[in-house]
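Everything on this sheet refers to the single structure shown next.
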Amino acid sequence: MIDDSKPIFLQIAELIENGIVDGAMAEESQVPSTNDFAAFHRINPATAAKGVNLLVDSGILYKRRGIGMFVATGARAQLVARRTEEFFEQYVKPLALEARKLGISPEQLTSMIERSSGLAPETGTEKERSAAL
Amino acid sequence: MNHTIVEARNLIKRYKDLNALDNVNLSLTANRIYGLLGRNGAGKTTLMSILTAQAFATSGEALVFGANAYENDAVLSRICFIRESQKYPDDFQPQHAFRSAALFYKNWDQGFADRLAEDFQLPVKRRIKKLSRGQLSAVGVIIGLASRAELTFFDEPYLGLDAVARQLFYDRLVEDYSEHPRTIILSSHLIDEVANLLEHVVVIDRGTIIMDANAEEIRGSAVTVSGSAEKVDAFLAGRRILHRETLGSLASVTVDEVLSGRERTEAQELGLELSPVSLQQLVVRKTMAGAGATGTGSGDFARDTMEARR
């Protein structure tokens, strides 16, 4: 799951964010400890802590002294808002670029997107989509 | 808590006509996991031997816990050095080695050692001489972990350990380090296996430290650009090139630089492919750059590169 493309602490933060966005980590639920993250992903505990702290700083997680880390109320909405802003740069632009390279017209592209929206949002299609990008 | 515990200044170790260490300066901070990486004969073991007072430097100074470790029990009892080929007395069994370690290291955890011996399926009552290479390595790994010394060196501790046993070592290391933070220096050739465990990376090449940086800063500090050779070369003109490979009209070039978001988009628009460079690849490229080019100049190149990054 962890790769070399960017700093591991960012990848840890993203993994937690993904869990929050897709609902696997509910708001006000406890997230695993940094040591749990370190052991599970086989990474340096200081790195795991850096990733978790990034989310504490942005208000996604909060600390309860002596108990642990929890997902803040409103965290999901905050993440969805941010990711929606990033969606154009991250997904739409490369999509349009590849389409142009292949000679796919904007109309064809639109119809493809409409077709894919009809698909059930399973993890499989999700994977195919990111792979295609 | 995060203070300097090792300070090496201008260390030189000269053997006849070879400089095993050539003016090494290094400082290690408490409670981090360091990777000490480099090719065979680069000077890793020499450096660790001097820091643990098992060898003398020709010149220079090495302070550990603020003092010279040589014949200094107060310092030595806080250091554990697991060598690649540790020698034990002839009639020793692993349980004897553990008992000796228990006497020497004040943080020794016998329960942990017992659990590890079980995990590694080590016959603790067999003579060490009769153990397999992997079992011998397991003895060292167990002593290194269970001693919980404030400063622990593992010098290629994995010889003969199979993939499962190595994974066990890494897992126990991370778990125990989380519970009992300490300074660990891991010297390894299996860089891909340990890369994610490291907080800081020191690369030594022919007696000189050519990289001394936070592991997370190194991650993503180089990139490989591939595509049509003409476009790749035009795109990368004037950049610090670490390595270049060609296949017909295609080229794959690794540069020691971070690309900005705009540059990445530009590369994509040109139809170039960007791929990350692993720590192992980066170390190979950097230490190969040294071996290929003309002698000392390349070392300067690598140093300049690191300085440019800061």
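Just so we're on the same page: first chain in the structure tokens is A, next is B, and so on; residues restart at 1 for each chain, and ligands are numbered from 1 in the order they show up.
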
Where in stretch 97-195 of chain B does DSSP assign helix (DSSP H, G or I), given as a count of residues only?
57

Within 9 Å of B:Ser187, counting only C-alpha atoms, which residues show up once you throw out same-chain ones fewer than 5 positions away? Write them as a PyMOL selection string, please.
chain B and resi 34-38+44-45+153-157

Just to be explicit: take each residue in the selection above, keep C-alpha atoms, and write the result as a PDB file, in the first residue's frame.
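Once everything was written out, this is selection_23.pdb:
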ATOM      1  CA  TYR B  34      19.053   5.271  11.253  1.00  0.00           C
ATOM      2  CA  GLY B  35      19.990   3.418   8.108  1.00  0.00           C
ATOM      3  CA  LEU B  36      23.707   3.198   7.433  1.00  0.00           C
ATOM      4  CA  LEU B  37      23.925   2.275   3.776  1.00  0.00           C
ATOM      5  CA  GLY B  38      26.699   1.771   1.283  1.00  0.00           C
ATOM      6  CA  LYS B  44      30.248   1.060   7.362  1.00  0.00           C
ATOM      7  CA  THR B  45      31.685  -1.578   9.690  1.00  0.00           C
ATOM      8  CA  PHE B 153      24.047  -1.133  16.034  1.00  0.00           C
ATOM      9  CA  PHE B 154      22.936  -3.936  13.734  1.00  0.00           C
ATOM     10  CA  ASP B 155      25.620  -4.641  11.149  1.00  0.00           C
ATOM     11  CA  GLU B 156      23.934  -6.703   8.433  1.00  0.00           C
ATOM     12  CA  PRO B 157      22.216  -8.846  11.034  1.00  0.00           C
TER      13      PRO B 157
END

Pick the closest to B:Thr58 from B:Val24, B:Ile79, B:Ala74, B:Val174: which is it, counting only C-alpha atoms?
B:Val24

May I ask you to extract the residues of chain B within 7 Å of chain A, using only C-alpha atoms, and to give them as a PyMOL selection string?
chain B and resi 171+174-175+178+196-199+216+219-220+276-278

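Contact shell of B:Phe235 at 9 Å (only C-alpha atoms; same-chain neighbours under 6 positions omitted): B:Glu266, B:Ala267, B:Leu270.
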
Based on the selection just made, write C-alpha atoms of those residues as a PDB file, in the first residue's frame.
ATOM      1  CA  GLU B 266       4.417  19.865 -18.680  1.00  0.00           C
ATOM      2  CA  ALA B 267       6.084  16.454 -18.761  1.00  0.00           C
ATOM      3  CA  LEU B 270       4.907  16.106 -23.692  1.00  0.00           C
TER       4      LEU B 270
END

Non-local contacts of B:Ser275 (8 Å; only C-alpha atoms; under 4 positions in same chain excluded) as a PyMOL selection string:
(chain A and resi 5) or (chain B and resi 223-225)

Next, dump the selected residues to file, keeping only N, CA and C atoms, as a short mmCIF file (atom, residue, chain, number, x, y, z; two decimals), in the first residue's frame.
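Generated file (selection_4.cif):
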data_model
loop_
_atom_site.label_atom_id
_atom_site.label_comp_id
_atom_site.auth_asym_id
_atom_site.auth_seq_id
_atom_site.Cartn_x
_atom_site.Cartn_y
_atom_site.Cartn_z
N SER A 5 6.32 6.97 -4.21
CA SER A 5 6.03 8.16 -4.99
C SER A 5 6.06 9.44 -4.18
N VAL B 223 13.59 11.61 -9.51
CA VAL B 223 12.50 11.12 -10.35
C VAL B 223 13.09 10.57 -11.64
N THR B 224 12.44 9.55 -12.18
CA THR B 224 12.88 9.01 -13.46
C THR B 224 11.89 9.45 -14.53
N VAL B 225 12.43 10.03 -15.59
CA VAL B 225 11.60 10.52 -16.70
C VAL B 225 11.87 9.62 -17.90
#

At what distance in Å, to one decimal, does atom CA of B:Ile50 lie from atom CA of B:Phe81?
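According to the coordinates, atom CA of B:Phe81 and atom CA of B:Ile50 are separated by 11.1 Å.
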
Quote the spacing between atom CA of B:Ser77 and atom CA of B:Ser188 in Å to one decimal place.
24.2 Å
